[in-house]
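J.: Structure supplied as my_file13.csv; contents: CSV, C-alpha atoms and all ligand atoms.
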```
chain,number,residue,atom,x,y,z
A,26,MET,CA,5.5,6.3,-18.3
A,27,SER,CA,5.5,9.1,-15.6
A,28,GLY,CA,2.9,10.1,-13.1
A,29,PHE,CA,3.7,13.6,-12.1
A,30,PRO,CA,2.9,16.7,-14.1
A,31,ALA,CA,5.3,19.7,-13.9
A,32,PRO,CA,5.7,21.3,-11.5
A,33,PRO,CA,5.1,18.5,-9.0
A,34,SER,CA,3.0,19.1,-5.9
A,35,PHE,CA,5.8,17.8,-3.6
A,36,PRO,CA,8.7,20.1,-2.5
A,37,VAL,CA,11.6,19.2,-4.8
A,38,GLY,CA,14.7,17.3,-3.6
A,39,GLY,CA,13.1,14.9,-1.1
A,40,THR,CA,13.4,11.1,-0.7
A,41,ALA,CA,10.8,8.6,-1.9
A,42,VAL,CA,10.6,5.2,-0.3
A,43,VAL,CA,9.0,2.1,-1.8
A,44,ILE,CA,8.4,-0.8,0.5
A,45,GLY,CA,7.8,-4.1,-1.3
A,46,ALA,CA,10.0,-3.0,-4.2
A,47,THR,CA,10.4,-6.6,-5.4
A,48,GLY,CA,6.7,-6.9,-6.1
A,49,GLY,CA,5.0,-6.4,-9.4
A,50,ILE,CA,3.5,-3.0,-8.5
A,51,GLY,CA,6.3,-2.0,-6.1
A,52,ALA,CA,9.0,-2.5,-8.7
A,53,ALA,CA,7.0,-0.4,-11.2
A,54,PHE,CA,6.6,2.4,-8.5
A,55,ALA,CA,10.4,2.4,-7.9
A,56,SER,CA,11.4,2.6,-11.5
A,57,ALA,CA,8.7,5.4,-12.2
A,58,LEU,CA,9.9,7.4,-9.2
A,59,CYS,CA,13.5,7.2,-10.3
A,60,ARG,CA,12.4,9.2,-13.4
A,61,GLU,CA,10.6,11.8,-11.3
A,62,PRO,CA,12.6,15.0,-10.9
A,63,ALA,CA,10.7,15.9,-7.7
A,64,PHE,CA,12.7,13.3,-5.8
A,65,ALA,CA,16.5,13.4,-5.4
A,66,ARG,CA,16.6,9.8,-4.1
A,67,VAL,CA,14.5,6.7,-4.3
A,68,VAL,CA,15.0,4.0,-1.6
A,69,ALA,CA,13.7,0.6,-2.6
A,70,LEU,CA,13.1,-1.6,0.4
A,71,SER,CA,12.2,-5.3,0.6
A,72,ARG,CA,13.1,-8.6,2.2
A,73,SER,CA,16.1,-8.7,-0.1
A,74,SER,CA,17.3,-5.1,0.1
A,75,VAL,CA,20.2,-3.8,2.2
A,76,PRO,CA,19.0,-3.1,4.9
A,77,ALA,CA,16.4,-5.9,4.5
A,78,LEU,CA,12.8,-5.2,5.7
A,79,ASP,CA,10.6,-8.1,6.7
A,80,LEU,CA,7.1,-7.1,7.9
A,81,THR,CA,7.1,-10.0,10.3
A,82,ASP,CA,10.3,-8.7,12.0
A,83,GLU,CA,9.7,-5.3,13.7
A,84,ALA,CA,13.4,-4.9,14.4
A,85,SER,CA,14.1,-5.0,10.6
A,86,VAL,CA,11.3,-2.4,10.0
A,87,ALA,CA,12.8,-0.1,12.7
A,88,ALA,CA,16.4,-0.6,11.2
A,89,ALA,CA,15.2,0.2,7.7
A,90,ALA,CA,13.4,3.3,8.9
A,91,ALA,CA,16.5,4.3,10.9
A,92,SER,CA,18.6,3.9,7.7
A,93,LEU,CA,16.8,7.0,6.4
A,94,ASP,CA,18.3,9.2,9.2
A,95,GLY,CA,18.9,12.7,7.7
A,96,ALA,CA,16.7,12.1,4.6
A,97,GLU,CA,13.8,14.4,3.9
A,98,VAL,CA,11.2,11.6,3.4
A,99,ARG,CA,8.4,13.1,1.3
A,100,LEU,CA,6.8,9.9,0.0
A,101,VAL,CA,6.4,6.4,1.4
A,102,ILE,CA,4.6,3.8,-0.6
A,103,ASP,CA,3.8,0.4,1.0
A,104,ALA,CA,3.4,-2.0,-1.9
A,105,THR,CA,3.6,-5.2,0.2
A,106,GLY,CA,0.7,-7.6,0.5
A,107,PHE,CA,-0.4,-11.2,0.6
A,108,LEU,CA,-3.3,-13.0,-1.1
A,109,HIS,CA,-2.2,-16.5,-1.7
A,110,ASP,CA,0.8,-18.9,-1.5
A,111,ALA,CA,1.6,-22.5,-2.1
A,112,GLU,CA,-0.5,-23.6,0.9
A,113,HIS,CA,-3.3,-21.0,0.9
A,114,MET,CA,-5.7,-19.8,-1.8
A,115,PRO,CA,-8.5,-17.3,-1.0
A,116,GLU,CA,-11.4,-19.0,0.8
A,117,ARG,CA,-14.6,-19.6,-1.2
A,118,SER,CA,-16.5,-20.9,1.8
A,119,TRP,CA,-16.4,-20.6,5.5
A,120,ARG,CA,-15.6,-24.3,5.5
A,121,GLN,CA,-12.2,-23.4,4.2
A,122,LEU,CA,-11.4,-20.9,7.1
A,123,GLU,CA,-8.1,-21.8,8.7
A,124,ALA,CA,-6.4,-20.1,11.6
A,125,ALA,CA,-2.9,-20.2,10.0
A,126,HIS,CA,-4.1,-18.7,6.8
A,127,MET,CA,-6.0,-15.9,8.6
A,128,ALA,CA,-3.0,-15.2,10.8
A,129,LYS,CA,-0.7,-14.8,7.8
A,130,ALA,CA,-3.1,-12.5,6.0
A,131,PHE,CA,-3.4,-10.3,9.1
A,132,ALA,CA,0.3,-10.4,9.8
A,133,LEU,CA,1.2,-9.2,6.2
A,134,ASN,CA,-1.8,-7.1,5.3
A,135,ALA,CA,-2.6,-5.3,8.6
A,136,ILE,CA,0.0,-5.8,11.4
A,137,GLY,CA,3.0,-5.3,9.1
A,138,PRO,CA,1.7,-2.1,7.5
A,139,ALA,CA,0.8,-0.8,11.0
A,140,LEU,CA,4.4,-1.3,12.0
A,141,LEU,CA,5.5,0.6,8.9
A,142,MET,CA,3.2,3.5,10.0
A,143,LYS,CA,4.8,3.3,13.5
A,144,HIS,CA,8.3,3.6,12.2
A,145,PHE,CA,8.0,5.6,9.0
A,146,LEU,CA,5.2,8.2,9.7
A,147,PRO,CA,7.4,10.0,12.4
A,148,ARG,CA,10.0,10.5,9.6
A,149,LEU,CA,7.8,12.6,7.4
A,150,PRO,CA,8.8,16.3,7.5
A,151,ARG,CA,6.9,18.6,9.9
A,152,SER,CA,5.8,20.9,7.0
A,153,GLY,CA,5.2,20.7,3.3
A,154,LYS,CA,3.5,18.0,1.4
A,155,ALA,CA,4.3,14.4,2.4
A,156,VAL,CA,2.4,11.2,1.7
A,157,PHE,CA,2.2,7.7,3.2
A,158,ALA,CA,0.2,5.5,0.7
A,159,ALA,CA,-0.6,1.9,1.7
A,160,LEU,CA,-1.8,-0.4,-1.1
A,161,SER,CA,-5.1,-1.8,0.0
A,162,ALA,CA,-7.8,-3.4,-2.1
A,163,LYS,CA,-11.4,-2.7,-3.0
A,164,VAL,CA,-12.3,-6.2,-1.8
A,165,GLY,CA,-11.4,-4.9,1.7
A,166,SER,CA,-14.4,-2.5,1.5
A,167,ILE,CA,-17.2,-3.8,3.8
A,168,GLY,CA,-19.8,-1.5,2.1
A,169,ASP,CA,-18.9,-2.8,-1.4
A,170,ASN,CA,-18.9,-6.5,-0.4
A,171,SER,CA,-21.7,-8.2,-2.4
A,172,MET,CA,-19.9,-11.3,-3.5
A,173,GLY,CA,-18.6,-12.9,-0.2
A,174,GLY,CA,-15.6,-15.2,-0.1
A,175,TRP,CA,-11.9,-14.3,0.3
A,176,TYR,CA,-12.5,-14.0,4.0
A,177,SER,CA,-8.9,-13.6,5.2
A,178,TYR,CA,-7.8,-11.1,2.5
A,179,ARG,CA,-11.0,-9.0,2.7
A,180,ALA,CA,-10.9,-8.9,6.5
A,181,SER,CA,-7.2,-8.1,6.7
A,182,LYS,CA,-7.5,-5.3,4.1
A,183,ALA,CA,-10.5,-3.9,6.0
A,184,ALA,CA,-8.3,-3.9,9.1
A,185,LEU,CA,-5.6,-2.1,7.1
A,186,ASN,CA,-8.1,0.5,6.0
A,187,GLN,CA,-9.1,1.2,9.6
A,188,LEU,CA,-5.4,1.4,10.6
A,189,VAL,CA,-4.7,3.9,7.8
A,190,ARG,CA,-7.7,6.0,8.9
A,191,THR,CA,-6.7,5.9,12.6
A,192,ALA,CA,-3.1,6.9,11.9
A,193,ALA,CA,-4.3,9.7,9.6
A,194,ILE,CA,-6.2,11.3,12.5
A,195,LYS,CA,-3.0,11.4,14.6
A,196,LEU,CA,-0.9,12.5,11.6
A,197,ALA,CA,-3.2,15.5,11.0
A,198,ARG,CA,-2.3,16.8,14.5
A,199,LEU,CA,1.5,16.2,14.1
A,200,ARG,CA,2.0,16.9,10.4
A,201,PRO,CA,-0.8,19.1,9.1
A,202,ASP,CA,0.4,19.1,5.5
A,203,ALA,CA,0.9,15.3,5.3
A,204,VAL,CA,-1.5,12.8,3.9
A,205,CYS,CA,-2.0,9.1,4.8
A,206,VAL,CA,-4.2,7.1,2.4
A,207,ALA,CA,-5.2,3.6,1.4
A,208,LEU,CA,-5.0,3.1,-2.4
A,209,HIS,CA,-6.7,0.4,-4.5
A,210,PRO,CA,-4.6,-0.3,-7.6
A,211,GLY,CA,-7.3,-2.1,-9.6
A,212,THR,CA,-6.5,-5.5,-11.1
A,213,VAL,CA,-2.8,-5.4,-12.1
A,214,ASP,CA,-0.9,-8.1,-13.9
A,215,THR,CA,1.4,-9.5,-11.2
A,216,PRO,CA,2.0,-12.8,-9.4
A,217,HIS,CA,-0.6,-11.6,-6.8
A,218,SER,CA,-3.5,-11.5,-9.3
A,219,ALA,CA,-2.3,-14.1,-11.8
A,220,PRO,CA,-4.5,-17.0,-10.7
A,221,PHE,CA,-7.6,-14.8,-10.7
A,222,ALA,CA,-7.2,-12.6,-13.8
A,223,LYS,CA,-9.9,-14.0,-15.9
A,224,ALA,CA,-11.1,-12.8,-19.2
A,225,GLY,CA,-13.4,-9.8,-19.0
A,226,LEU,CA,-11.5,-8.2,-16.1
A,227,ASP,CA,-9.8,-4.9,-16.8
A,228,VAL,CA,-6.2,-6.1,-16.1
A,229,ARG,CA,-3.6,-3.4,-16.5
A,230,GLY,CA,0.2,-3.6,-16.5
A,231,PRO,CA,2.2,-2.6,-13.4
A,232,ALA,CA,3.8,0.4,-15.2
A,233,GLU,CA,0.4,1.8,-16.1
A,234,ALA,CA,-1.1,1.2,-12.7
A,235,ALA,CA,1.9,2.8,-11.0
A,236,ALA,CA,1.7,5.9,-13.2
A,237,GLN,CA,-2.0,6.2,-12.5
A,238,MET,CA,-1.5,5.9,-8.8
A,239,LEU,CA,1.4,8.4,-8.9
A,240,ALA,CA,-1.0,10.9,-10.6
A,241,VAL,CA,-3.5,10.3,-7.7
A,242,ILE,CA,-0.7,10.8,-5.2
A,243,ASP,CA,0.5,14.0,-6.9
A,244,ALA,CA,-3.1,15.4,-6.8
A,245,LEU,CA,-3.6,14.6,-3.0
A,246,THR,CA,-4.1,17.5,-0.6
A,247,SER,CA,-4.3,17.4,3.2
A,248,ALA,CA,-8.1,17.5,2.9
A,249,GLN,CA,-7.9,13.9,1.7
A,250,ASN,CA,-5.9,12.7,4.7
A,251,GLY,CA,-7.4,9.3,5.8
A,252,ALA,CA,-9.1,8.6,2.5
A,253,PHE,CA,-9.6,5.2,0.7
A,254,LEU,CA,-9.2,5.9,-3.0
A,255,ASP,CA,-8.9,3.9,-6.2
A,256,TYR,CA,-6.3,4.3,-9.0
A,257,ARG,CA,-8.5,7.0,-10.6
A,258,GLY,CA,-8.6,9.0,-7.4
A,259,HIS,CA,-12.3,8.1,-6.8
A,260,SER,CA,-13.4,7.6,-3.1
A,261,LEU,CA,-14.3,4.0,-2.2
A,262,PRO,CA,-16.8,3.1,0.5
A,263,TRP,CA,-15.3,1.7,3.7
A,301,LIG,N1,-2.2,-7.1,-8.4
A,301,LIG,C1,-3.4,-6.8,-8.2
A,301,LIG,O1,-4.3,-7.0,-9.0
A,301,LIG,C2,-3.9,-6.1,-6.9
A,301,LIG,C3,-5.2,-5.8,-6.7
A,301,LIG,C4,-5.7,-5.2,-5.5
A,301,LIG,C5,-4.7,-4.9,-4.5
A,301,LIG,N2,-3.4,-5.2,-4.7
A,301,LIG,C6,-2.5,-4.9,-3.6
A,301,LIG,O2,-1.3,-4.2,-4.2
A,301,LIG,C7,-0.2,-4.6,-3.4
A,301,LIG,C8,0.9,-5.0,-4.2
A,301,LIG,O3,0.5,-6.2,-5.0
A,301,LIG,P1,1.3,-6.9,-6.2
A,301,LIG,O4,0.3,-7.2,-7.2
A,301,LIG,O5,2.5,-6.0,-6.5
A,301,LIG,O6,1.8,-8.2,-5.4
A,301,LIG,P2,3.2,-9.0,-5.5
A,301,LIG,O7,3.8,-8.9,-6.9
A,301,LIG,O8,2.8,-10.4,-5.0
A,301,LIG,O9,4.1,-8.3,-4.5
A,301,LIG,C9,4.0,-8.4,-3.1
A,301,LIG,C10,5.1,-7.8,-2.3
A,301,LIG,O10,4.9,-8.0,-0.9
A,301,LIG,C11,6.2,-8.3,-0.4
A,301,LIG,N3,6.1,-9.1,0.8
A,301,LIG,C12,5.5,-10.3,1.0
A,301,LIG,N4,5.7,-10.7,2.3
A,301,LIG,C13,6.6,-9.8,2.9
A,301,LIG,C14,7.2,-9.7,4.1
A,301,LIG,N5,7.0,-10.6,5.1
A,301,LIG,N6,8.0,-8.6,4.4
A,301,LIG,C15,8.1,-7.7,3.4
A,301,LIG,N7,7.6,-7.7,2.2
A,301,LIG,C16,6.8,-8.8,1.9
A,301,LIG,C17,6.8,-9.2,-1.5
A,301,LIG,O11,8.2,-9.3,-1.2
A,301,LIG,P3,9.1,-10.6,-1.6
A,301,LIG,O12,9.5,-10.3,-3.0
A,301,LIG,O13,10.2,-10.6,-0.7
A,301,LIG,O14,8.2,-11.8,-1.5
A,301,LIG,C18,6.5,-8.3,-2.7
A,301,LIG,O15,7.4,-7.2,-2.8
A,301,LIG,C19,-0.7,-5.6,-2.3
A,301,LIG,O16,-1.0,-4.9,-1.1
A,301,LIG,C20,-2.0,-6.1,-2.9
A,301,LIG,O17,-2.9,-6.6,-2.0
A,301,LIG,C21,-3.0,-5.8,-5.9
```
Starting from the coordinates I provided, produce the structure as structure tokens.
T.:
Amino acid sequence: MSGFPAPPSFPVGGTAVVIGATGGIGAAFASALCREPAFARVVALSRSSVPALDLTDEASVAAAAASLDGAEVRLVIDATGFLHDAEHMPERSWRQLEAAHMAKAFALNAIGPALLMKHFLPRLPRSGKAVFAALSAKVGSIGDNSMGGWYSYRASKAALNQLVRTAAIKLARLRPDAVCVALHPGTVDTPHSAPFAKAGLDVRGPAEAAAQMLAVIDALTSAQNGAFLDYRGHSLPW
């Protein structure tokens, strides 16, 4: 499944970078991008790549970005994220709020992606289309929050959205053709969503989700810099 129509909107021959390429959606992005003629090279980064990139270790983020020296980086997709682990499940009540859980969510969903912006945005070319897309989540929308719960995840994704928006304003001054966006993938069948993918939800496979988001990315123009969009390209409320 491919996302880009021909001809692609990106200048041909650049490098695409997927961060979190071991994840369900990240792996699907990496394999779809390898089939896209618009990109001469796809760099798949993760905690187990060479070089390794760990969001909690800024030196590793800087070294992974430096490994792209000389590359024409046209597309960076941040497909990392944290919702639950063996110790922490999303909170249903404020009684379950716990500092360590919140700190991990903010470290992985907001601070880590901010460090990615710090080290990867300056690598985008000065002219021609280039995109930095951070995978966010609709539950990070404050305006759309009618259910409550999931405090750490919601708040850390809301922080990510604000960081994307803030970086986009600076990016517009430095790289007028570039676009920095937050993307909501919808519910996708990965380890991230597995405990919550109940019957009745529209759960899509990672390949389908990646193809849909690549179509959104291909259609992006600089007028959408700083936007928060879903996998259909529709704007989401902040
Ligand atoms: N799946 C859904 O239904 C859904 C819905 C809404 C939003 N999203 C968002 O989409 C994104 C991707 O989700 P997914 O479903 O593909 O999740 P996933 O399969 O759990 O993948 C998460 C990725 O994050 C990486 N990661 C975790 N901690 C890291 C760290 N310290 N440093 C670097 N990378 C780290 C993981 O790497 P390791 O392999 O090294 O652990 C993995 O590549 C996330 O931002 C998520 O919030 C997903």
J.: For ligand LIG 301 (chain A), collect every residue having any atom at a distance of at most 8 Å from a ligand atom (counting all atoms listed in the file); output as a PyMOL selection string.
T.: chain A and resi 44-52+71-73+78-82+103-108+133-134+137+159-164+182+209-219+222+228+231
J.: What is the atom CA of Ala248 of chain A-atom CA of Val204 of chain A distance in Å, reported with one decimal?
T.: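 Pair atom CA of Ala248 of chain A / atom CA of Val204 of chain A returns 8.2 Å.
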J.: What's the 12 Å shell around Pro147 of chain A, counting only C-alpha atoms, without same-chain residues fewer than 3 positions away, as a list of chain:residue names?
T.: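 The contact residues come out as A:Ala87, A:Ala90, A:Ala91, A:Leu93, A:Asp94, A:Glu97, A:Val98, A:Arg99, A:Val101, A:Leu140, A:Leu141, A:Met142, A:Lys143, A:His144, A:Pro150, A:Arg151, A:Ala155, A:Val156, A:Phe157, A:Ala192, A:Lys195, A:Leu196, A:Leu199, A:Arg200, A:Ala203.
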J.: Leaving out Gly258 of chain A and any residue of its chain fewer than 5 positions from it, which residues lie within 12 Å of it when counting all atoms listed in the file, given as a PyMOL selection string?
T.: chain A and resi 206-211+237-246+249+252-253
J.: When distances are computed from only C-alpha atoms, which of A:Ile102, A:Ala77, A:Gly173, A:Arg190 shows the smallest separation from Gly251 of chain A?
T.: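 Nearest candidate to Gly251 of chain A out of A:Ile102, A:Ala77, A:Gly173, A:Arg190: A:Arg190.
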J.: Just the residues within 9 Å of Ala184 of chain A, please, counting only C-alpha atoms, with nothing from its chain fewer than 3 positions along; format it as a short mmCIF file (atom, residue, chain, number, x, y, z; two decimals) with C-alpha atoms, in the coordinates of the input.
T.:
```cif
data_model
loop_
_atom_site.label_atom_id
_atom_site.label_comp_id
_atom_site.auth_asym_id
_atom_site.auth_seq_id
_atom_site.Cartn_x
_atom_site.Cartn_y
_atom_site.Cartn_z
CA PHE A 131 -3.40 -10.30 9.10
CA ASN A 134 -1.80 -7.10 5.30
CA ALA A 135 -2.60 -5.30 8.60
CA ILE A 136 0.00 -5.80 11.40
CA GLY A 165 -11.40 -4.90 1.70
CA ARG A 179 -11.00 -9.00 2.70
CA ALA A 180 -10.90 -8.90 6.50
CA SER A 181 -7.20 -8.10 6.70
CA GLN A 187 -9.10 1.20 9.60
CA LEU A 188 -5.40 1.40 10.60
CA VAL A 189 -4.70 3.90 7.80
#
```
J.: If I take atom CA of Ala53 of chain A and atom CA of Asp227 of chain A, how far is one from the other in Å, to one decimal?
T.: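 Atom CA of Asp227 of chain A lies 18.3 Å from atom CA of Ala53 of chain A.
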J.: Have a look at atom CA of Phe35 of chain A and atom CA of Gly153 of chain A and let me know their distance in Å, one decimal.
T.: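 Value for the atom CA of Phe35 of chain A-atom CA of Gly153 of chain A distance: 7.5 Å.
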